[in-house]
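> For reference, the file final-v4.txt (compact mmCIF, N, CA and C atoms) is included below:
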# COMPACT_ATOMS: atom_id res chain seq x y z
N MET N 1 0.83 -1.18 0.00
CA MET N 1 0.00 0.00 0.00
C MET N 1 0.88 1.25 0.00
N ALA N 2 0.57 2.20 -0.84
CA ALA N 2 1.34 3.44 -0.95
C ALA N 2 1.08 4.33 0.26
N ALA N 3 2.08 5.10 0.61
CA ALA N 3 1.94 6.03 1.73
C ALA N 3 0.97 7.15 1.36
N THR N 4 0.23 7.61 2.32
CA THR N 4 -0.70 8.71 2.08
C THR N 4 -0.34 9.95 2.89
N ARG N 5 0.52 9.78 3.88
CA ARG N 5 0.95 10.91 4.71
C ARG N 5 2.44 10.80 4.99
N TYR N 6 3.04 11.97 5.15
CA TYR N 6 4.48 12.02 5.40
C TYR N 6 4.75 13.00 6.54
N ARG N 7 5.83 12.74 7.29
CA ARG N 7 6.20 13.62 8.41
C ARG N 7 7.72 13.68 8.50
N ALA N 8 8.23 14.88 8.71
CA ALA N 8 9.66 15.11 8.93
C ALA N 8 9.88 15.34 10.42
N PRO N 9 11.12 15.21 10.87
CA PRO N 9 11.40 15.50 12.29
C PRO N 9 11.10 16.96 12.62
N VAL N 10 10.85 17.23 13.89
CA VAL N 10 10.69 18.62 14.31
C VAL N 10 11.96 19.38 13.97
N ALA N 11 11.85 20.68 13.81
CA ALA N 11 12.99 21.49 13.40
C ALA N 11 14.21 21.30 14.31
N GLU N 12 13.97 21.10 15.60
CA GLU N 12 15.08 20.93 16.54
C GLU N 12 15.81 19.61 16.32
N GLY N 13 15.21 18.69 15.58
CA GLY N 13 15.83 17.40 15.31
C GLY N 13 16.81 17.43 14.16
N LEU N 14 16.87 18.58 13.48
CA LEU N 14 17.77 18.74 12.34
C LEU N 14 18.64 19.97 12.54
N CYS N 15 19.86 19.88 12.06
CA CYS N 15 20.74 21.05 12.01
C CYS N 15 20.98 21.32 10.53
N VAL N 16 20.51 22.46 10.05
CA VAL N 16 20.55 22.78 8.63
C VAL N 16 21.62 23.85 8.40
N ALA N 17 22.53 23.57 7.45
CA ALA N 17 23.60 24.53 7.14
C ALA N 17 23.68 24.73 5.63
N PRO N 18 23.28 25.90 5.14
CA PRO N 18 23.39 26.19 3.71
C PRO N 18 24.86 26.24 3.27
N LEU N 19 25.13 25.65 2.11
CA LEU N 19 26.47 25.64 1.53
C LEU N 19 26.35 26.03 0.06
N ASP N 20 26.17 27.30 -0.21
CA ASP N 20 25.90 27.80 -1.57
C ASP N 20 24.62 27.14 -2.08
N ASP N 21 24.69 26.40 -3.20
CA ASP N 21 23.51 25.76 -3.77
C ASP N 21 23.13 24.47 -3.04
N LEU N 22 24.03 23.95 -2.23
CA LEU N 22 23.78 22.73 -1.48
C LEU N 22 23.39 23.08 -0.04
N VAL N 23 22.77 22.12 0.62
CA VAL N 23 22.41 22.30 2.03
C VAL N 23 22.81 21.03 2.78
N ALA N 24 23.58 21.19 3.85
CA ALA N 24 23.93 20.06 4.71
C ALA N 24 22.87 19.98 5.81
N ILE N 25 22.34 18.78 5.99
CA ILE N 25 21.34 18.56 7.02
C ILE N 25 21.84 17.44 7.92
N TYR N 26 22.10 17.81 9.18
CA TYR N 26 22.51 16.81 10.18
C TYR N 26 21.25 16.34 10.89
N HIS N 27 20.98 15.05 10.80
CA HIS N 27 19.81 14.44 11.45
C HIS N 27 20.26 13.93 12.81
N ARG N 28 19.89 14.64 13.85
CA ARG N 28 20.37 14.34 15.20
C ARG N 28 20.04 12.91 15.64
N ALA N 29 18.86 12.41 15.32
CA ALA N 29 18.44 11.08 15.77
C ALA N 29 19.31 9.96 15.20
N SER N 30 19.72 10.10 13.95
CA SER N 30 20.51 9.04 13.32
C SER N 30 22.01 9.32 13.36
N GLY N 31 22.36 10.58 13.55
CA GLY N 31 23.78 10.96 13.52
C GLY N 31 24.33 11.08 12.12
N LEU N 32 23.46 11.08 11.13
CA LEU N 32 23.89 11.16 9.73
C LEU N 32 23.74 12.57 9.20
N THR N 33 24.65 12.94 8.30
CA THR N 33 24.57 14.21 7.60
C THR N 33 24.22 13.94 6.16
N HIS N 34 23.25 14.67 5.65
CA HIS N 34 22.78 14.53 4.27
C HIS N 34 23.08 15.82 3.52
N ILE N 35 23.55 15.70 2.30
CA ILE N 35 23.77 16.86 1.44
C ILE N 35 22.63 16.87 0.43
N VAL N 36 21.86 17.95 0.40
CA VAL N 36 20.67 18.02 -0.43
C VAL N 36 20.62 19.34 -1.18
N VAL N 37 19.66 19.44 -2.08
CA VAL N 37 19.38 20.69 -2.80
C VAL N 37 17.91 21.01 -2.64
N ALA N 38 17.53 22.20 -3.04
CA ALA N 38 16.12 22.59 -3.03
C ALA N 38 15.33 21.61 -3.90
N PRO N 39 14.16 21.24 -3.53
CA PRO N 39 13.30 21.76 -2.49
C PRO N 39 13.31 20.94 -1.20
N VAL N 40 14.34 20.14 -0.98
CA VAL N 40 14.36 19.26 0.20
C VAL N 40 14.24 20.05 1.50
N PRO N 41 15.06 21.09 1.74
CA PRO N 41 14.91 21.82 3.01
C PRO N 41 13.50 22.41 3.18
N GLU N 42 12.93 22.89 2.08
CA GLU N 42 11.59 23.47 2.14
C GLU N 42 10.54 22.39 2.44
N LEU N 43 10.69 21.22 1.85
CA LEU N 43 9.78 20.10 2.14
C LEU N 43 9.86 19.70 3.61
N LEU N 44 11.08 19.58 4.12
CA LEU N 44 11.25 19.20 5.52
C LEU N 44 10.63 20.24 6.44
N ALA N 45 10.80 21.51 6.12
CA ALA N 45 10.20 22.58 6.94
C ALA N 45 8.68 22.52 6.89
N ALA N 46 8.12 22.19 5.74
CA ALA N 46 6.66 22.13 5.60
C ALA N 46 6.05 20.96 6.37
N MET N 47 6.86 19.93 6.65
CA MET N 47 6.35 18.74 7.35
C MET N 47 6.90 18.61 8.76
N ALA N 48 7.62 19.57 9.24
CA ALA N 48 8.31 19.47 10.53
C ALA N 48 7.36 19.08 11.66
N GLY N 49 7.48 17.82 12.09
CA GLY N 49 6.70 17.33 13.22
C GLY N 49 5.22 17.12 12.96
N GLU N 50 4.77 17.28 11.72
CA GLU N 50 3.35 17.18 11.39
C GLU N 50 3.14 16.22 10.22
N TRP N 51 2.13 15.37 10.31
CA TRP N 51 1.76 14.51 9.20
C TRP N 51 1.07 15.35 8.14
N ARG N 52 1.54 15.24 6.90
CA ARG N 52 0.97 15.99 5.77
C ARG N 52 0.61 15.04 4.64
N SER N 53 -0.51 15.30 4.00
CA SER N 53 -0.92 14.51 2.85
C SER N 53 -0.22 15.06 1.59
N ILE N 54 -0.22 14.24 0.55
CA ILE N 54 0.32 14.68 -0.73
C ILE N 54 -0.42 15.92 -1.21
N GLU N 55 -1.73 15.90 -1.07
CA GLU N 55 -2.54 17.03 -1.53
C GLU N 55 -2.18 18.31 -0.78
N ALA N 56 -2.00 18.22 0.53
CA ALA N 56 -1.65 19.40 1.32
C ALA N 56 -0.26 19.93 0.94
N LEU N 57 0.68 19.02 0.75
CA LEU N 57 2.03 19.46 0.35
C LEU N 57 2.02 20.06 -1.05
N ALA N 58 1.31 19.42 -1.96
CA ALA N 58 1.23 19.95 -3.33
C ALA N 58 0.61 21.34 -3.33
N ALA N 59 -0.42 21.54 -2.54
CA ALA N 59 -1.06 22.86 -2.45
C ALA N 59 -0.11 23.89 -1.85
N ALA N 60 0.63 23.49 -0.82
CA ALA N 60 1.57 24.42 -0.18
C ALA N 60 2.66 24.89 -1.14
N PHE N 61 3.01 24.05 -2.10
CA PHE N 61 4.07 24.39 -3.05
C PHE N 61 3.51 24.80 -4.41
N GLY N 62 2.20 24.91 -4.53
CA GLY N 62 1.59 25.35 -5.77
C GLY N 62 1.77 24.38 -6.93
N LEU N 63 1.77 23.07 -6.63
CA LEU N 63 1.97 22.07 -7.68
C LEU N 63 0.64 21.68 -8.33
N ALA N 64 0.70 21.42 -9.61
CA ALA N 64 -0.47 20.95 -10.35
C ALA N 64 -0.66 19.46 -10.11
N ASP N 65 -1.83 18.95 -10.44
CA ASP N 65 -2.13 17.53 -10.24
C ASP N 65 -1.13 16.63 -10.95
N ASP N 66 -0.67 17.04 -12.13
CA ASP N 66 0.26 16.19 -12.88
C ASP N 66 1.68 16.22 -12.30
N GLU N 67 1.90 17.02 -11.27
CA GLU N 67 3.22 17.07 -10.62
C GLU N 67 3.26 16.26 -9.32
N HIS N 68 2.15 15.66 -8.93
CA HIS N 68 2.09 14.87 -7.70
C HIS N 68 3.04 13.69 -7.74
N ALA N 69 3.17 13.04 -8.89
CA ALA N 69 4.05 11.87 -8.99
C ALA N 69 5.50 12.24 -8.68
N ALA N 70 5.94 13.38 -9.16
CA ALA N 70 7.31 13.82 -8.88
C ALA N 70 7.49 14.12 -7.40
N LEU N 71 6.48 14.71 -6.77
CA LEU N 71 6.53 14.99 -5.34
C LEU N 71 6.61 13.69 -4.55
N ILE N 72 5.79 12.72 -4.91
CA ILE N 72 5.82 11.42 -4.23
C ILE N 72 7.18 10.76 -4.38
N GLU N 73 7.76 10.87 -5.56
CA GLU N 73 9.09 10.30 -5.79
C GLU N 73 10.13 10.94 -4.86
N ARG N 74 10.11 12.26 -4.73
CA ARG N 74 11.05 12.95 -3.84
C ARG N 74 10.82 12.53 -2.39
N LEU N 75 9.56 12.47 -1.98
CA LEU N 75 9.25 12.09 -0.61
C LEU N 75 9.70 10.67 -0.31
N ASP N 76 9.50 9.76 -1.26
CA ASP N 76 9.94 8.38 -1.06
C ASP N 76 11.46 8.29 -0.96
N GLU N 77 12.18 9.15 -1.68
CA GLU N 77 13.64 9.21 -1.55
C GLU N 77 14.03 9.67 -0.14
N LEU N 78 13.29 10.64 0.39
CA LEU N 78 13.57 11.13 1.74
C LEU N 78 13.24 10.07 2.79
N VAL N 79 12.22 9.27 2.54
CA VAL N 79 11.89 8.16 3.43
C VAL N 79 13.05 7.16 3.43
N ALA N 80 13.53 6.82 2.23
CA ALA N 80 14.63 5.87 2.11
C ALA N 80 15.91 6.38 2.78
N ALA N 81 16.10 7.70 2.77
CA ALA N 81 17.27 8.30 3.41
C ALA N 81 17.10 8.42 4.93
N GLY N 82 15.90 8.20 5.43
CA GLY N 82 15.65 8.27 6.86
C GLY N 82 15.30 9.65 7.38
N LEU N 83 15.07 10.60 6.47
CA LEU N 83 14.73 11.96 6.90
C LEU N 83 13.24 12.19 7.06
N VAL N 84 12.41 11.30 6.52
CA VAL N 84 10.97 11.45 6.54
C VAL N 84 10.33 10.10 6.88
N GLU N 85 9.22 10.14 7.62
CA GLU N 85 8.42 8.95 7.90
C GLU N 85 7.21 8.95 6.98
N ALA N 86 6.76 7.75 6.63
CA ALA N 86 5.55 7.62 5.80
C ALA N 86 4.59 6.65 6.46
N ARG N 87 3.30 6.90 6.22
CA ARG N 87 2.29 5.93 6.69
C ARG N 87 1.10 5.95 5.77
Show me the file's structure as C-alpha cells.

Amino acid sequence: MAATRYRAPVAEGLCVAPLDDLVAIYHRASGLTHIVVAPVPELLAAMAGEWRSIEALAAAFGLADDEHAALIERLDELVAAGLVEAR
C-alpha cells in the first residue's frame, strides 16, 4: 500500500547549514549528515513534526495535479534516506 501521509522530524531534530547551492542537514536522531538541494529543506520545513498529505504538500508548493508523482518520488527518496516517515 502506498503512503498517504508524510512527516519530517521537528525542526530541533535537524541542524541545517546552507552551503551555496547545497544544504547540509545533520539528522540528530541518526547521527547522519545529508547533502541536499532545493526543495528538500523546504519540504522538511513544511512537514516538521506534522503529518501531511500529498494534496496538502502539493497545495503548499503550488503544484499541479500532474506534478504529484514527482513529489511522491522525492518524498519516497527522503523516506529511504531516513529523513521522513511515511504511513
> Could you list, as number ranges by chain, every residue within 10 Å of region 82-85 of chain N, counting only C-alpha atoms and ignoring same-chain residues fewer than 3 positions away?
N: 3, 5-9, 14, 25-27, 29-30, 32, 34, 40, 43-44, 47-49, 51, 75-79
> Measuring between only C-alpha atoms, which one of N:Ile54, N:Ala46, N:Gly31, N:Leu22 shows the shortest distance to Glu73 (chain N)?
N:Ile54
> For Ala38 (chain N), which residue among N:Ala17, N:Ala2, N:Ala70, N:Val23 is the nearest when counting all atoms listed in the file?
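Under the stated criterion, the closest residue is N:Val23.
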> I need the residue nearest Ala11 (chain N) from this list: N:Asp65, N:Ala80, N:Ala58, N:Ala45. Use only N, CA and C atoms for the distance.
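Comparing N:Asp65, N:Ala80, N:Ala58, N:Ala45 against Ala11 (chain N), the winner is N:Ala45.
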> Just to confirm, what's the straight-line distance from CA of Asp21 (chain N) to atom N of Arg74 (chain N) in Å (one decimal)?
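Spanning CA of Asp21 (chain N) to atom N of Arg74 (chain N) is a straight-line distance of 19.0 Å.
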> For CA of Glu67 (chain N) and CA of Asp20 (chain N), determine how far apart the two atoms are, in Å to one decimal place.
26.7 Å
> If you run DSSP on this backbone, which residues of region 3-51 of chain N come out as strand (DSSP E or B), and could you give them as an MDAnalysis selection string?
chainID N and resid 5:8 14:19 22:27 32:36 48
> Can you give me all heavy atoms for region 56-67 of chain N, written as a PDB file, in the frame of the given file?

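What ended up in out_5.pdb:
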ATOM      1  N   ALA N  56      -2.000  18.220   0.530  1.00  0.00           N
ATOM      2  CA  ALA N  56      -1.650  19.400   1.320  1.00  0.00           C
ATOM      3  C   ALA N  56      -0.260  19.930   0.940  1.00  0.00           C
ATOM      4  O   ALA N  56      -0.069  21.139   0.818  1.00  0.00           O
ATOM      5  CB  ALA N  56      -1.700  19.080   2.812  1.00  0.00           C
ATOM      6  N   LEU N  57       0.680  19.020   0.750  1.00  0.00           N
ATOM      7  CA  LEU N  57       2.030  19.460   0.350  1.00  0.00           C
ATOM      8  C   LEU N  57       2.020  20.060  -1.050  1.00  0.00           C
ATOM      9  O   LEU N  57       2.662  21.091  -1.291  1.00  0.00           O
ATOM     10  CB  LEU N  57       3.010  18.286   0.423  1.00  0.00           C
ATOM     11  CG  LEU N  57       3.404  17.853   1.828  1.00  0.00           C
ATOM     12  CD1 LEU N  57       4.147  16.526   1.787  1.00  0.00           C
ATOM     13  CD2 LEU N  57       4.256  18.919   2.494  1.00  0.00           C
ATOM     14  N   ALA N  58       1.310  19.420  -1.960  1.00  0.00           N
ATOM     15  CA  ALA N  58       1.230  19.950  -3.330  1.00  0.00           C
ATOM     16  C   ALA N  58       0.610  21.340  -3.330  1.00  0.00           C
ATOM     17  O   ALA N  58       1.094  22.237  -4.025  1.00  0.00           O
ATOM     18  CB  ALA N  58       0.424  18.994  -4.206  1.00  0.00           C
ATOM     19  N   ALA N  59      -0.420  21.540  -2.540  1.00  0.00           N
ATOM     20  CA  ALA N  59      -1.060  22.860  -2.450  1.00  0.00           C
ATOM     21  C   ALA N  59      -0.110  23.890  -1.850  1.00  0.00           C
ATOM     22  O   ALA N  59      -0.039  25.030  -2.325  1.00  0.00           O
ATOM     23  CB  ALA N  59      -2.346  22.773  -1.632  1.00  0.00           C
ATOM     24  N   ALA N  60       0.630  23.490  -0.820  1.00  0.00           N
ATOM     25  CA  ALA N  60       1.570  24.420  -0.180  1.00  0.00           C
ATOM     26  C   ALA N  60       2.660  24.890  -1.140  1.00  0.00           C
ATOM     27  O   ALA N  60       3.162  26.009  -1.014  1.00  0.00           O
ATOM     28  CB  ALA N  60       2.205  23.752   1.041  1.00  0.00           C
ATOM     29  N   PHE N  61       3.010  24.050  -2.100  1.00  0.00           N
ATOM     30  CA  PHE N  61       4.070  24.390  -3.050  1.00  0.00           C
ATOM     31  C   PHE N  61       3.510  24.800  -4.410  1.00  0.00           C
ATOM     32  O   PHE N  61       4.274  25.008  -5.354  1.00  0.00           O
ATOM     33  CB  PHE N  61       5.054  23.226  -3.195  1.00  0.00           C
ATOM     34  CG  PHE N  61       5.931  23.060  -1.995  1.00  0.00           C
ATOM     35  CD1 PHE N  61       5.570  22.207  -0.962  1.00  0.00           C
ATOM     36  CD2 PHE N  61       7.099  23.791  -1.851  1.00  0.00           C
ATOM     37  CE1 PHE N  61       6.352  22.066   0.166  1.00  0.00           C
ATOM     38  CE2 PHE N  61       7.896  23.668  -0.727  1.00  0.00           C
ATOM     39  CZ  PHE N  61       7.520  22.804   0.287  1.00  0.00           C
ATOM     40  N   GLY N  62       2.200  24.910  -4.530  1.00  0.00           N
ATOM     41  CA  GLY N  62       1.590  25.350  -5.770  1.00  0.00           C
ATOM     42  C   GLY N  62       1.770  24.380  -6.930  1.00  0.00           C
ATOM     43  O   GLY N  62       1.899  24.805  -8.068  1.00  0.00           O
ATOM     44  N   LEU N  63       1.770  23.070  -6.630  1.00  0.00           N
ATOM     45  CA  LEU N  63       1.970  22.070  -7.680  1.00  0.00           C
ATOM     46  C   LEU N  63       0.640  21.680  -8.330  1.00  0.00           C
ATOM     47  O   LEU N  63      -0.380  21.597  -7.656  1.00  0.00           O
ATOM     48  CB  LEU N  63       2.621  20.821  -7.088  1.00  0.00           C
ATOM     49  CG  LEU N  63       3.982  21.017  -6.420  1.00  0.00           C
ATOM     50  CD1 LEU N  63       4.479  19.694  -5.857  1.00  0.00           C
ATOM     51  CD2 LEU N  63       4.988  21.604  -7.399  1.00  0.00           C
ATOM     52  N   ALA N  64       0.700  21.420  -9.610  1.00  0.00           N
ATOM     53  CA  ALA N  64      -0.470  20.950 -10.350  1.00  0.00           C
ATOM     54  C   ALA N  64      -0.660  19.460 -10.110  1.00  0.00           C
ATOM     55  O   ALA N  64       0.264  18.771  -9.653  1.00  0.00           O
ATOM     56  CB  ALA N  64      -0.280  21.224 -11.836  1.00  0.00           C
ATOM     57  N   ASP N  65      -1.830  18.950 -10.440  1.00  0.00           N
ATOM     58  CA  ASP N  65      -2.130  17.530 -10.240  1.00  0.00           C
ATOM     59  C   ASP N  65      -1.130  16.630 -10.950  1.00  0.00           C
ATOM     60  O   ASP N  65      -0.765  15.578 -10.428  1.00  0.00           O
ATOM     61  CB  ASP N  65      -3.546  17.199 -10.718  1.00  0.00           C
ATOM     62  CG  ASP N  65      -4.612  17.763  -9.794  1.00  0.00           C
ATOM     63  OD1 ASP N  65      -4.283  18.134  -8.647  1.00  0.00           O
ATOM     64  OD2 ASP N  65      -5.778  17.823 -10.226  1.00  0.00           O
ATOM     65  N   ASP N  66      -0.670  17.040 -12.130  1.00  0.00           N
ATOM     66  CA  ASP N  66       0.260  16.190 -12.880  1.00  0.00           C
ATOM     67  C   ASP N  66       1.680  16.220 -12.300  1.00  0.00           C
ATOM     68  O   ASP N  66       2.555  15.500 -12.767  1.00  0.00           O
ATOM     69  CB  ASP N  66       0.271  16.558 -14.364  1.00  0.00           C
ATOM     70  CG  ASP N  66       0.747  17.982 -14.626  1.00  0.00           C
ATOM     71  OD1 ASP N  66       0.798  18.797 -13.679  1.00  0.00           O
ATOM     72  OD2 ASP N  66       1.062  18.276 -15.797  1.00  0.00           O
ATOM     73  N   GLU N  67       1.900  17.020 -11.270  1.00  0.00           N
ATOM     74  CA  GLU N  67       3.220  17.070 -10.620  1.00  0.00           C
ATOM     75  C   GLU N  67       3.260  16.260  -9.320  1.00  0.00           C
ATOM     76  O   GLU N  67       4.303  16.173  -8.683  1.00  0.00           O
ATOM     77  CB  GLU N  67       3.598  18.525 -10.342  1.00  0.00           C
ATOM     78  CG  GLU N  67       3.772  19.347 -11.609  1.00  0.00           C
ATOM     79  CD  GLU N  67       4.002  20.811 -11.343  1.00  0.00           C
ATOM     80  OE1 GLU N  67       3.150  21.437 -10.685  1.00  0.00           O
ATOM     81  OE2 GLU N  67       5.051  21.324 -11.790  1.00  0.00           O
TER      82      GLU N  67
END
